[in-house]
file final_16.pdb (PDB, C-alpha atoms)
ATOM      1  CA  MET J 427     -36.001  63.742  96.902
ATOM      2  CA  ARG J 428     -32.703  61.866  96.505
ATOM      3  CA  ARG J 429     -33.008  61.952  92.742
ATOM      4  CA  SER J 430     -33.397  65.763  92.783
ATOM      5  CA  TRP J 431     -30.182  66.058  94.831
ATOM      6  CA  THR J 432     -28.284  63.946  92.293
ATOM      7  CA  THR J 433     -29.654  66.037  89.420
ATOM      8  CA  ALA J 434     -28.706  69.280  91.212
ATOM      9  CA  ALA J 435     -25.158  68.005  91.861
ATOM     10  CA  GLY J 436     -24.835  66.999  88.196
ATOM     11  CA  LEU J 437     -26.065  70.412  87.034
ATOM     12  CA  VAL J 438     -23.637  72.200  89.375
ATOM     13  CA  ALA J 439     -20.757  70.074  88.023
ATOM     14  CA  ILE J 440     -21.744  70.876  84.421
ATOM     15  CA  ALA J 441     -22.100  74.596  85.261
ATOM     16  CA  LEU J 442     -18.641  74.628  86.867
ATOM     17  CA  PHE J 443     -17.118  72.904  83.850
ATOM     18  CA  VAL J 444     -18.757  75.378  81.445
ATOM     19  CA  ALA J 445     -17.637  78.318  83.618
ATOM     20  CA  LEU J 446     -14.073  77.018  83.582
ATOM     21  CA  LEU J 447     -14.151  76.660  79.803
ATOM     22  CA  GLY J 448     -15.681  80.137  79.470
ATOM     23  CA  TYR J 449     -12.983  81.641  81.663
ATOM     24  CA  GLY J 450     -10.296  80.021  79.522
ATOM     25  CA  VAL J 451     -11.863  81.315  76.306
ATOM     26  CA  LEU J 452     -12.350  84.832  77.753
ATOM     27  CA  ARG J 453      -8.771  84.909  78.947
ATOM     28  CA  SER J 454      -7.469  84.129  75.481
ATOM     29  CA  ASN J 455      -9.837  86.656  73.886
ATOM     30  CA  ARG J 456      -8.833  89.655  76.001
ATOM     31  CA  ALA J 457      -6.005  90.595  73.626
ATOM     32  CA  THR J 458      -8.250  90.128  70.566
ATOM     33  CA  SER J 459     -10.645  92.690  72.030
ATOM     34  CA  LEU J 460      -7.700  95.146  72.238
ATOM     35  CA  ASP J 461      -7.130  94.759  68.487
ATOM     36  CA  ALA J 462     -10.844  95.136  67.796
ATOM     37  CA  ALA J 463     -11.051  98.316  69.893
ATOM     38  CA  VAL J 464      -8.062  99.903  68.166
ATOM     39  CA  ALA J 465      -9.364  98.875  64.736
ATOM     40  CA  SER J 466     -12.664 100.634  65.478
ATOM     41  CA  GLY J 467     -10.837 103.802  66.498
ATOM     42  CA  LYS J 468     -11.485 103.435  70.231
ATOM     43  CA  ARG J 469      -8.784 104.078  72.771
ATOM     44  CA  VAL J 470      -8.909 101.621  75.634
ATOM     45  CA  ALA J 471      -6.965 101.045  78.826
ATOM     46  CA  PRO J 472      -4.047  98.668  78.318
ATOM     47  CA  PRO J 473      -3.536  95.516  80.389
ATOM     48  CA  SER J 474      -1.611  96.371  83.543
ATOM     49  CA  ILE J 475       2.179  96.292  83.519
ATOM     50  CA  ASP J 476       4.286  95.685  86.595
ATOM     51  CA  LEU J 477       7.715  94.517  85.492
ATOM     52  CA  PRO J 478      11.310  94.758  86.692
ATOM     53  CA  TRP J 479      13.775  96.925  84.805
ATOM     54  CA  LEU J 480      16.127  95.006  82.545
ATOM     55  CA  ASP J 481      19.176  96.517  84.231
ATOM     56  CA  ARG J 482      18.064  96.911  87.860
ATOM     57  CA  ASP J 483      15.943  95.198  90.487
ATOM     58  CA  GLN J 484      13.253  97.881  90.830
ATOM     59  CA  HIS J 485       9.826  97.461  89.265
ATOM     60  CA  ALA J 486       8.033  99.853  86.929
ATOM     61  CA  THR J 487       4.425 100.319  85.857
ATOM     62  CA  LEU J 488       2.966 102.191  82.896
ATOM     63  CA  ALA J 489       1.864 104.914  85.326
ATOM     64  CA  ASP J 490       5.542 105.889  85.608
ATOM     65  CA  TRP J 491       5.256 107.250  82.032
ATOM     66  CA  ARG J 492       1.809 108.830  82.390
ATOM     67  CA  GLY J 493       1.646 112.042  80.342
ATOM     68  CA  LYS J 494       4.118 110.722  77.771
ATOM     69  CA  VAL J 495       3.512 108.993  74.459
ATOM     70  CA  VAL J 496       4.934 105.507  74.902
ATOM     71  CA  VAL J 497       5.846 103.093  72.132
ATOM     72  CA  LEU J 498       5.791  99.809  74.007
ATOM     73  CA  ASN J 499       8.109  97.553  72.009
ATOM     74  CA  PHE J 500       8.077  93.807  72.755
ATOM     75  CA  TRP J 501      11.402  92.331  71.708
ATOM     76  CA  ALA J 502      13.993  89.640  72.405
ATOM     77  CA  SER J 503      17.694  89.420  71.630
ATOM     78  CA  TRP J 504      17.280  86.023  69.899
ATOM     79  CA  CYS J 505      14.708  87.380  67.435
ATOM     80  CA  PRO J 506      16.147  88.278  63.985
ATOM     81  CA  PRO J 507      13.376  90.791  63.022
ATOM     82  CA  CYS J 508      14.013  92.584  66.337
ATOM     83  CA  ARG J 509      17.635  93.063  65.306
ATOM     84  CA  GLU J 510      16.496  94.464  61.959
ATOM     85  CA  GLU J 511      14.159  96.886  63.738
ATOM     86  CA  VAL J 512      16.934  98.358  65.915
ATOM     87  CA  PRO J 513      18.122 101.120  63.517
ATOM     88  CA  LEU J 514      14.577 102.492  63.270
ATOM     89  CA  LEU J 515      14.166 102.514  67.045
ATOM     90  CA  ALA J 516      17.550 104.209  67.499
ATOM     91  CA  ARG J 517      16.583 106.816  64.907
ATOM     92  CA  TRP J 518      13.142 107.589  66.354
ATOM     93  CA  GLN J 519      13.974 107.628  70.071
ATOM     94  CA  PRO J 520      15.644 111.112  70.047
ATOM     95  CA  GLN J 521      12.670 112.557  68.111
ATOM     96  CA  LEU J 522      10.215 111.028  70.575
ATOM     97  CA  ALA J 523      12.219 112.205  73.574
ATOM     98  CA  ARG J 524      12.202 115.790  72.270
ATOM     99  CA  ALA J 525       8.393 115.701  72.082
ATOM    100  CA  ASP J 526       7.923 114.118  75.520
ATOM    101  CA  GLY J 527       7.585 110.562  74.280
ATOM    102  CA  THR J 528       9.677 107.430  74.527
ATOM    103  CA  ILE J 529      10.176 103.929  73.305
ATOM    104  CA  LEU J 530       9.765 101.500  76.196
ATOM    105  CA  GLY J 531      11.302  98.126  75.467
ATOM    106  CA  VAL J 532       9.840  94.973  76.969
ATOM    107  CA  ASP J 533      12.394  92.205  76.673
ATOM    108  CA  THR J 534      10.481  88.930  76.602
ATOM    109  CA  LEU J 535      11.449  85.252  77.077
ATOM    110  CA  ASP J 536      15.123  86.073  76.916
ATOM    111  CA  VAL J 537      18.388  85.466  78.721
ATOM    112  CA  ALA J 538      18.785  88.682  80.729
ATOM    113  CA  SER J 539      22.532  89.007  80.073
ATOM    114  CA  ASP J 540      21.912  88.583  76.300
ATOM    115  CA  ALA J 541      19.330  91.357  76.394
ATOM    116  CA  ARG J 542      21.561  93.744  78.346
ATOM    117  CA  ALA J 543      24.462  93.060  75.949
ATOM    118  CA  PHE J 544      22.099  93.670  73.007
ATOM    119  CA  MET J 545      21.121  97.094  74.372
ATOM    120  CA  VAL J 546      24.762  98.080  74.939
ATOM    121  CA  LYS J 547      25.988  96.747  71.591
ATOM    122  CA  ASN J 548      23.294  98.661  69.702
ATOM    123  CA  HIS J 549      23.692 101.839  71.795
ATOM    124  CA  LEU J 550      20.007 101.762  72.750
ATOM    125  CA  ASP J 551      19.464 104.222  75.567
ATOM    126  CA  TYR J 552      15.686 104.048  75.950
ATOM    127  CA  PRO J 553      14.268 102.261  79.014
ATOM    128  CA  SER J 554      13.636  98.549  78.827
ATOM    129  CA  LEU J 555      11.733  96.237  81.162
ATOM    130  CA  ARG J 556      12.027  92.480  81.537
ATOM    131  CA  ASP J 557       9.006  90.249  80.943
ATOM    132  CA  ARG J 558      10.747  87.006  81.923
ATOM    133  CA  GLY J 559       7.970  84.488  81.214
ATOM    134  CA  GLY J 560       6.078  86.572  78.639
ATOM    135  CA  ASP J 561       2.914  87.018  80.756
ATOM    136  CA  THR J 562       2.667  90.743  79.945
ATOM    137  CA  ALA J 563       3.316  90.091  76.261
ATOM    138  CA  ARG J 564       0.500  87.510  76.248
ATOM    139  CA  ALA J 565      -1.840  89.973  77.970
ATOM    140  CA  PHE J 566      -1.187  92.360  75.060
ATOM    141  CA  GLY J 567      -1.813  89.534  72.579
ATOM    142  CA  VAL J 568       1.787  89.412  71.401
ATOM    143  CA  ALA J 569       2.215  86.274  69.319
ATOM    144  CA  ALA J 570       5.416  87.035  67.410
ATOM    145  CA  TYR J 571       8.344  89.363  67.907
ATOM    146  CA  PRO J 572       8.712  92.271  67.605
ATOM    147  CA  GLU J 573       5.309  93.838  68.207
ATOM    148  CA  SER J 574       4.514  97.340  69.443
ATOM    149  CA  VAL J 575       1.665  99.019  71.283
ATOM    150  CA  VAL J 576       1.357 102.809  71.258
ATOM    151  CA  ILE J 577       0.053 104.424  74.445
ATOM    152  CA  ASP J 578      -1.239 107.997  74.346
ATOM    153  CA  ARG J 579      -0.655 110.698  76.962
ATOM    154  CA  GLN J 580      -3.792 109.613  78.846
ATOM    155  CA  GLY J 581      -2.409 106.094  79.199
ATOM    156  CA  ARG J 582      -4.740 104.518  76.613
ATOM    157  CA  VAL J 583      -3.878 102.177  73.753
ATOM    158  CA  ALA J 584      -3.994 104.271  70.575
ATOM    159  CA  ALA J 585      -2.334 101.984  68.001
ATOM    160  CA  LEU J 586      -0.908  98.513  67.538
ATOM    161  CA  MET J 587       1.747  97.101  65.253
ATOM    162  CA  ARG J 588       1.729  93.320  65.013
ATOM    163  CA  GLY J 589       5.182  93.032  63.450
ATOM    164  CA  PRO J 590       8.290  95.194  63.030
ATOM    165  CA  LEU J 591       7.754  98.956  63.126
ATOM    166  CA  ASP J 592       8.329 101.000  60.010
ATOM    167  CA  ASP J 593       8.658 104.720  59.292
ATOM    168  CA  ALA J 594       5.155 104.949  57.827
ATOM    169  CA  PHE J 595       3.611 103.616  61.031
ATOM    170  CA  MET J 596       5.682 105.982  63.161
ATOM    171  CA  ARG J 597       4.670 108.953  60.972
ATOM    172  CA  ASP J 598       0.979 108.045  60.743
ATOM    173  CA  HIS J 599       0.248 106.671  64.195
ATOM    174  CA  VAL J 600       2.858 107.962  66.610
ATOM    175  CA  ARG J 601       3.715 111.453  65.440
ATOM    176  CA  PRO J 602       0.110 112.755  65.633
ATOM    177  CA  LEU J 603      -0.100 111.589  69.259
ATOM    178  CA  LEU J 604       2.955 113.691  70.150
ATOM    179  CA  LYS J 605       0.926 116.796  69.299
ATOM    180  CA  GLU J 606      -1.876 115.866  71.696
ATOM    181  CA  ARG J 607      -1.992 117.382  75.147
ATOM    182  CA  ALA J 608      -1.822 115.352  78.343
TER
ATOM    183  CA  MET D1376      65.651  46.807  76.802
ATOM    184  CA  ARG D1377      67.373  48.473  79.742
ATOM    185  CA  ARG D1378      67.215  51.765  77.905
ATOM    186  CA  ALA D1379      63.481  51.444  77.470
ATOM    187  CA  LEU D1380      62.918  50.811  81.175
ATOM    188  CA  PRO D1381      62.839  54.502  82.259
ATOM    189  CA  LEU D1382      60.443  55.240  79.413
ATOM    190  CA  VAL D1383      58.079  52.463  80.537
ATOM    191  CA  ALA D1384      58.340  53.684  84.138
ATOM    192  CA  LEU D1385      57.548  57.257  83.077
ATOM    193  CA  THR D1386      54.559  56.096  81.018
ATOM    194  CA  LEU D1387      53.269  54.067  83.957
ATOM    195  CA  ALA D1388      53.731  57.020  86.313
ATOM    196  CA  LEU D1389      51.851  59.322  83.941
ATOM    197  CA  LEU D1390      49.021  56.803  83.582
ATOM    198  CA  LEU D1391      48.757  56.456  87.354
ATOM    199  CA  ALA D1392      48.721  60.239  87.779
ATOM    200  CA  ALA D1393      46.095  60.650  85.066
ATOM    201  CA  ALA D1394      43.798  57.955  86.466
ATOM    202  CA  PRO D1395      42.453  59.937  89.480
ATOM    203  CA  ALA D1396      42.018  63.011  87.265
ATOM    204  CA  ALA D1397      40.003  60.936  84.790
ATOM    205  CA  ALA D1398      38.009  59.482  87.660
ATOM    206  CA  LEU D1399      37.247  62.988  88.915
ATOM    207  CA  ALA D1400      36.277  64.198  85.473
ATOM    208  CA  ALA D1401      34.021  61.201  84.828
ATOM    209  CA  PRO D1402      30.842  62.565  86.510
ATOM    210  CA  CYS D1403      30.882  65.599  84.211
ATOM    211  CA  PRO D1404      28.735  66.192  82.185
ATOM    212  CA  LYS D1405      25.877  65.126  84.454
ATOM    213  CA  THR D1406      23.180  65.304  81.779
ATOM    214  CA  THR D1407      22.725  65.865  78.059
ATOM    215  CA  VAL D1408      20.796  68.279  75.873
ATOM    216  CA  ALA D1409      18.842  65.317  74.466
ATOM    217  CA  ASP D1410      17.815  64.300  77.977
ATOM    218  CA  LEU D1411      16.279  67.729  78.568
ATOM    219  CA  GLU D1412      14.728  68.324  75.155
ATOM    220  CA  ASP D1413      11.499  66.484  75.984
ATOM    221  CA  GLU D1414      11.025  68.291  79.277
ATOM    222  CA  VAL D1415      11.715  71.821  78.084
ATOM    223  CA  MET D1416       9.356  73.916  75.978
ATOM    224  CA  CYS D1417      10.017  76.459  73.286
ATOM    225  CA  PRO D1418       7.348  78.882  74.632
ATOM    226  CA  VAL D1419       6.765  80.751  71.368
ATOM    227  CA  CYS D1420       6.558  77.535  69.328
ATOM    228  CA  GLY D1421       4.155  75.779  71.711
ATOM    229  CA  THR D1422       6.146  72.541  71.435
ATOM    230  CA  THR D1423       8.985  70.888  73.273
ATOM    231  CA  LEU D1424      12.558  71.667  72.245
ATOM    232  CA  ALA D1425      12.804  68.214  70.666
ATOM    233  CA  LEU D1426      10.167  69.259  68.106
ATOM    234  CA  ALA D1427      11.332  72.854  67.635
ATOM    235  CA  ARG D1428      14.513  72.590  65.608
ATOM    236  CA  GLU D1429      14.718  75.839  63.659
ATOM    237  CA  ALA D1430      12.955  78.414  65.858
ATOM    238  CA  PRO D1431      15.422  81.119  67.015
ATOM    239  CA  LEU D1432      14.248  80.857  70.626
ATOM    240  CA  ALA D1433      14.653  77.062  70.567
ATOM    241  CA  LYS D1434      18.174  77.479  69.201
ATOM    242  CA  ARG D1435      19.018  79.961  71.957
ATOM    243  CA  GLU D1436      17.580  77.661  74.623
ATOM    244  CA  ARG D1437      19.542  74.710  73.249
ATOM    245  CA  ALA D1438      22.769  76.778  73.290
ATOM    246  CA  PHE D1439      21.983  77.926  76.834
ATOM    247  CA  ILE D1440      21.476  74.302  77.949
ATOM    248  CA  THR D1441      24.676  73.209  76.174
ATOM    249  CA  GLU D1442      26.678  75.867  78.068
ATOM    250  CA  LEU D1443      25.277  74.618  81.369
ATOM    251  CA  VAL D1444      25.835  70.944  80.490
ATOM    252  CA  ARG D1445      29.472  71.771  79.750
ATOM    253  CA  GLY D1446      29.566  73.640  83.063
ATOM    254  CA  CYS D1447      28.726  70.339  84.800
ATOM    255  CA  LYS D1448      25.260  71.422  85.963
ATOM    256  CA  THR D1449      22.728  68.770  86.877
ATOM    257  CA  LYS D1450      19.398  68.389  85.094
ATOM    258  CA  GLN D1451      17.607  70.048  87.998
ATOM    259  CA  GLU D1452      20.060  72.954  88.099
ATOM    260  CA  ILE D1453      19.639  73.491  84.360
ATOM    261  CA  LYS D1454      15.853  73.456  84.678
ATOM    262  CA  GLN D1455      16.088  76.031  87.470
ATOM    263  CA  ALA D1456      18.370  78.222  85.336
ATOM    264  CA  LEU D1457      15.905  77.986  82.436
ATOM    265  CA  LEU D1458      13.081  78.915  84.786
ATOM    266  CA  ASP D1459      15.042  81.945  86.030
ATOM    267  CA  GLN D1460      15.647  83.200  82.487
ATOM    268  CA  PHE D1461      12.505  82.223  80.560
ATOM    269  CA  GLY D1462       9.847  81.838  83.245
ATOM    270  CA  PRO D1463       7.522  78.929  84.088
ATOM    271  CA  THR D1464       6.245  78.336  80.546
ATOM    272  CA  VAL D1465       9.665  76.970  79.598
ATOM    273  CA  LEU D1466       9.003  73.760  81.518
ATOM    274  CA  ALA D1467       6.826  71.142  79.840
ATOM    275  CA  LEU D1468       4.668  70.694  82.948
ATOM    276  CA  PRO D1469       1.959  73.362  83.465
ATOM    277  CA  GLN D1470       2.123  75.728  86.448
ATOM    278  CA  ASP D1471       0.397  74.800  89.681
ATOM    279  CA  LYS D1472      -1.273  78.196  90.126
ATOM    280  CA  GLY D1473      -3.949  80.284  88.396
ATOM    281  CA  PHE D1474      -6.037  78.819  85.593
ATOM    282  CA  ASP D1475      -3.290  76.303  84.730
ATOM    283  CA  ALA D1476      -3.751  74.690  88.142
ATOM    284  CA  SER D1477      -7.001  73.227  86.790
ATOM    285  CA  VAL D1478      -4.802  70.667  84.988
ATOM    286  CA  TYR D1479      -3.907  69.273  88.417
ATOM    287  CA  VAL D1480      -7.160  70.065  90.233
ATOM    288  CA  LEU D1481      -9.634  68.662  87.679
ATOM    289  CA  PRO D1482      -8.335  65.067  87.738
ATOM    290  CA  ILE D1483      -8.504  65.095  91.556
ATOM    291  CA  VAL D1484     -12.029  66.555  91.523
ATOM    292  CA  GLY D1485     -13.001  64.063  88.814
ATOM    293  CA  GLY D1486     -11.492  61.179  90.779
ATOM    294  CA  VAL D1487     -13.298  62.196  93.979
ATOM    295  CA  ALA D1488     -16.579  62.634  92.061
ATOM    296  CA  ALA D1489     -16.157  59.236  90.398
ATOM    297  CA  ALA D1490     -15.341  57.577  93.742
ATOM    298  CA  GLY D1491     -18.411  59.286  95.258
ATOM    299  CA  ALA D1492     -20.593  58.071  92.400
ATOM    300  CA  VAL D1493     -19.289  54.498  92.772
ATOM    301  CA  ALA D1494     -19.845  54.636  96.560
ATOM    302  CA  LEU D1495     -23.380  55.963  96.033
ATOM    303  CA  MET D1496     -24.108  53.178  93.523
ATOM    304  CA  LEU D1497     -22.753  50.562  95.932
ATOM    305  CA  VAL D1498     -24.909  51.888  98.786
ATOM    306  CA  ARG D1499     -27.991  51.895  96.547
ATOM    307  CA  TRP D1500     -27.206  48.414  95.224
ATOM    308  CA  ARG D1501     -26.778  47.040  98.751
ATOM    309  CA  ARG D1502     -29.945  48.769  99.929
ATOM    310  CA  ARG D1503     -31.904  47.365  96.980
ATOM    311  CA  GLY D1504     -30.499  43.875  97.672
ATOM    312  CA  ARG D1505     -31.508  44.099 101.343
ATOM    313  CA  ARG D1506     -35.031  45.247 100.414
ATOM    314  CA  GLU D1507     -35.356  42.380  97.942
ATOM    315  CA  HIS D1508     -34.168  39.936 100.617
ATOM    316  CA  GLU D1509     -36.688  41.297 103.128
ATOM    317  CA  ARG D1510     -39.477  41.017 100.563
ATOM    318  CA  VAL D1511     -38.557  37.370  99.852
ATOM    319  CA  ALA D1512     -38.262  36.698 103.606
ATOM    320  CA  VAL D1513     -41.745  38.144 104.255
ATOM    321  CA  ARG D1514     -43.181  36.107 101.387
ATOM    322  CA  SER D1515     -41.612  32.817 102.640
ATOM    323  CA  ARG D1516     -42.659  33.493 106.225
ATOM    324  CA  THR D1517     -46.245  33.925 105.104
ATOM    325  CA  ARG D1518     -46.069  30.650 103.228
ATOM    326  CA  ALA D1519     -44.648  28.899 106.330
ATOM    327  CA  GLU D1520     -47.396  30.383 108.434
ATOM    328  CA  ASP D1521     -49.931  29.186 105.909
ATOM    329  CA  LEU D1522     -48.549  25.673 106.142
ATOM    330  CA  LEU D1523     -48.582  25.842 109.953
ATOM    331  CA  LEU D1524     -52.156  27.100 109.906
ATOM    332  CA  GLU D1525     -53.135  24.381 107.481
ATOM    333  CA  ALA D1526     -51.518  21.739 109.696
ATOM    334  CA  GLU D1527     -53.222  23.144 112.804
ATOM    335  CA  LEU D1528     -56.592  23.141 111.050
ATOM    336  CA  ASP D1529     -56.071  19.551 109.881
ATOM    337  CA  ARG D1530     -55.272  18.553 113.458
ATOM    338  CA  LEU D1531     -58.466  20.159 114.735
ATOM    339  CA  ARG D1532     -60.630  18.576 112.050
TER
END

call {"tool": "encode", "arguments": {"input": "final_16.pdb", "output": "structure tokens"}}
result
Amino acid sequence: MRRSWTTAAGLVAIALFVALLGYGVLRSNRATSLDAAVASGKRVAPPSIDLPWLDRDQHATLADWRGKVVVLNFWASWCPPCREEVPLLARWQPQLARADGTILGVDTLDVASDARAFMVKNHLDYPSLRDRGGDTARAFGVAAYPESVVIDRQGRVAALMRGPLDDAFMRDHVRPLLKERA
Amino acid sequence: MRRALPLVALTLALLLAAAPAAALAAPCPKTTVADLEDEVMCPVCGTTLALAREAPLAKRERAFITELVRGCKTKQEIKQALLDQFGPTVLALPQDKGFDASVYVLPIVGGVAAAGAVALMLVRWRRRGRREHERVAVRSRTRAEDLLLEAELDRLR
């Protein structure tokens, strides 16, 4: 009887350890599944976003832009490729705005004052949120900066760019979404 | 010599005036960048600042720390400022919430389980020892009784 109790306790301990490992693996794979879904042409719900604005204390969620095409751009002021990407973003934002779309910056792992100065210096007038510790970026599988996630009018992930945006990507993956109805 | 006297007096006066200022300035800076480099992470590199030399984020963090060191901030104040700007992953110690808390919880659970296992083994060992002792005691008592019986029988014969 006693031996069966010891065996049961051992099995429970092993099961807990395996569950913990499994949870860790699943957590790191969530973003990979986003890439797989987009690669297979599926549109899936993005990880949730609840972040403060870069320039004010209020919080914002993706639902605040529901009905719009959103180019979620993960960036940081210390990142050289992000600086190189700025002219493209500045050029595309007016076109997106005219077609009920927007770039939505997510400043990640950055000194807030640096990021605000960066926006002002580069005359970037699109909204930007602050992902202080990079939790949201990790949920989207962002590993390097900049990276962008395109959200359609129904609030689903329609395209991903793991690296700096270019005109071809904007033409091929973003522009067609602007023609879709909410 | 007499002409040099006012000059010596002035120099002495200046030195005396500068001494308290130097004494006040002595506690600053309160820490160094090198002192913090092992305790601060470059979150995108996955290493401490000491190992991340060229990464742009590491460079920015190092500059940020340098500014604060020059501003006479303590090590703790600098860590708090880093936390405010870059979030919890900037500190080399894992967070104490969510999945990361398992880093702290697992050793405790493991320690308790190990202590329990040792206690269980001790109890079993003691119980086994007692049983063995009882068995030996029963055996020796029987032998003593045998001897007594033998002696009694001899007396009767």

call {"tool": "interface_residues", "arguments": {"input": "final_16.pdb", "of": "chain D", "to": "chain J", "cutoff": "9 Å", "atoms": "only C-alpha atoms", "output": "list in words"}}
result
Pro1418, Val1419, Pro1431, Leu1432, Lys1434, Arg1435, Glu1436, Phe1439, Leu1457, Leu1458, Asp1459, Gln1460, Phe1461, Gly1462, Pro1463, Thr1464, Val1465, Phe1474 and Ser1477 of chain D

call {"tool": "write_last_selection", "arguments": {"input": "final_16.pdb", "atoms": "C-alpha atoms", "output": "compact mmCIF listing (two decimals), in the frame of the given file"}}
result
# COMPACT_ATOMS: atom_id res chain seq x y z
CA PRO D 1418 7.35 78.88 74.63
CA VAL D 1419 6.76 80.75 71.37
CA PRO D 1431 15.42 81.12 67.02
CA LEU D 1432 14.25 80.86 70.63
CA LYS D 1434 18.17 77.48 69.20
CA ARG D 1435 19.02 79.96 71.96
CA GLU D 1436 17.58 77.66 74.62
CA PHE D 1439 21.98 77.93 76.83
CA LEU D 1457 15.90 77.99 82.44
CA LEU D 1458 13.08 78.92 84.79
CA ASP D 1459 15.04 81.94 86.03
CA GLN D 1460 15.65 83.20 82.49
CA PHE D 1461 12.50 82.22 80.56
CA GLY D 1462 9.85 81.84 83.24
CA PRO D 1463 7.52 78.93 84.09
CA THR D 1464 6.24 78.34 80.55
CA VAL D 1465 9.66 76.97 79.60
CA PHE D 1474 -6.04 78.82 85.59
CA SER D 1477 -7.00 73.23 86.79

call {"tool": "resolve_selection", "arguments": {"input": "final_16.pdb", "expression": "the PyMOL selection byres ((chain D and resi 1450) around 8)", "output": "list of chain:residue names"}}
result
D:Lys1405, D:Thr1406, D:Leu1411, D:Lys1448, D:Thr1449, D:Gln1451, D:Glu1452, D:Ile1453, D:Lys1454

call {"tool": "atom_distance", "arguments": {"input": "final_16.pdb", "atom1": "CA of Gln519 in chain J", "atom2": "CA of Tyr552 in chain J"}}
result
7.1 Å

call {"tool": "residues_around", "arguments": {"input": "final_16.pdb", "residues": "Val1408 in chain D", "least_positions_apart": "2", "cutoff": "8 Å", "atoms": "only C-alpha atoms", "output": "list in words"}}
result
Thr1406, Asp1410, Leu1411, Glu1412, Arg1437, Ile1440, Thr1441 and Val1444 of chain D

call {"tool": "residues_around", "arguments": {"input": "final_16.pdb", "residues": "range 594-601 of chain J", "least_positions_apart": "3", "cutoff": "10 Å", "atoms": "all atoms listed in the file", "output": "ChimeraX atom specification"}}
result
/J:495-497,514-515,518,521-522,525,527,576-578,584-587,590-591,604-606

call {"tool": "atom_distance", "arguments": {"input": "final_16.pdb", "atom1": "CA of Ser574 in chain J", "atom2": "CA of Leu1466 in chain D"}}
result
26.9 Å

call {"tool": "atom_distance", "arguments": {"input": "final_16.pdb", "atom1": "CA of Arg588 in chain J", "atom2": "CA of Asn548 in chain J"}}
result
22.7 Å

call {"tool": "resolve_selection", "arguments": {"input": "final_16.pdb", "expression": "the PyMOL selection byres ((chain J and resi 479) around 12)", "output": "PyMOL selection string"}}
result
chain J and resi 475-478+480-487+530-534+538+541-542+552-558

call {"tool": "residues_around", "arguments": {"input": "final_16.pdb", "residues": "Lys468 in chain J", "least_positions_apart": "4", "cutoff": "9 Å", "atoms": "only C-alpha atoms", "output": "list in words"}}
result
Ala462, Ala463, Val464, Val583 and Ala584 of chain J

call {"tool": "write_last_selection", "arguments": {"input": "final_16.pdb", "atoms": "C-alpha atoms", "output": "PDB file, in the frame of the given file"}}
result
ATOM      1  CA  ALA J 462     -10.844  95.136  67.796  1.00  0.00           C
ATOM      2  CA  ALA J 463     -11.051  98.316  69.893  1.00  0.00           C
ATOM      3  CA  VAL J 464      -8.062  99.903  68.166  1.00  0.00           C
ATOM      4  CA  VAL J 583      -3.878 102.177  73.753  1.00  0.00           C
ATOM      5  CA  ALA J 584      -3.994 104.271  70.575  1.00  0.00           C
TER       6      ALA J 584
END

call {"tool": "decode", "arguments": {"input": "final_16.pdb", "residues": "range 566-580 of chain J", "atoms": "C-alpha atoms", "output": "short mmCIF file (atom, residue, chain, number, x, y, z; two decimals), in the first residue's frame"}}
result
data_model
loop_
_atom_site.label_atom_id
_atom_site.label_comp_id
_atom_site.auth_asym_id
_atom_site.auth_seq_id
_atom_site.Cartn_x
_atom_site.Cartn_y
_atom_site.Cartn_z
CA PHE J 566 4.37 38.28 -31.99
CA GLY J 567 7.64 36.36 -32.33
CA VAL J 568 9.72 39.47 -32.94
CA ALA J 569 13.37 38.49 -32.70
CA ALA J 570 15.08 41.40 -34.44
CA TYR J 571 14.16 44.98 -35.22
CA PRO J 572 12.34 46.23 -37.17
CA GLU J 573 9.61 43.69 -37.87
CA SER J 574 6.05 44.32 -39.03
CA VAL J 575 2.73 42.53 -38.77
CA VAL J 576 -0.14 43.50 -41.08
CA ILE J 577 -3.64 43.34 -39.59
CA ASP J 578 -6.66 43.31 -41.90
CA ARG J 579 -9.93 45.18 -41.37
CA GLN J 580 -11.37 42.21 -39.45
#
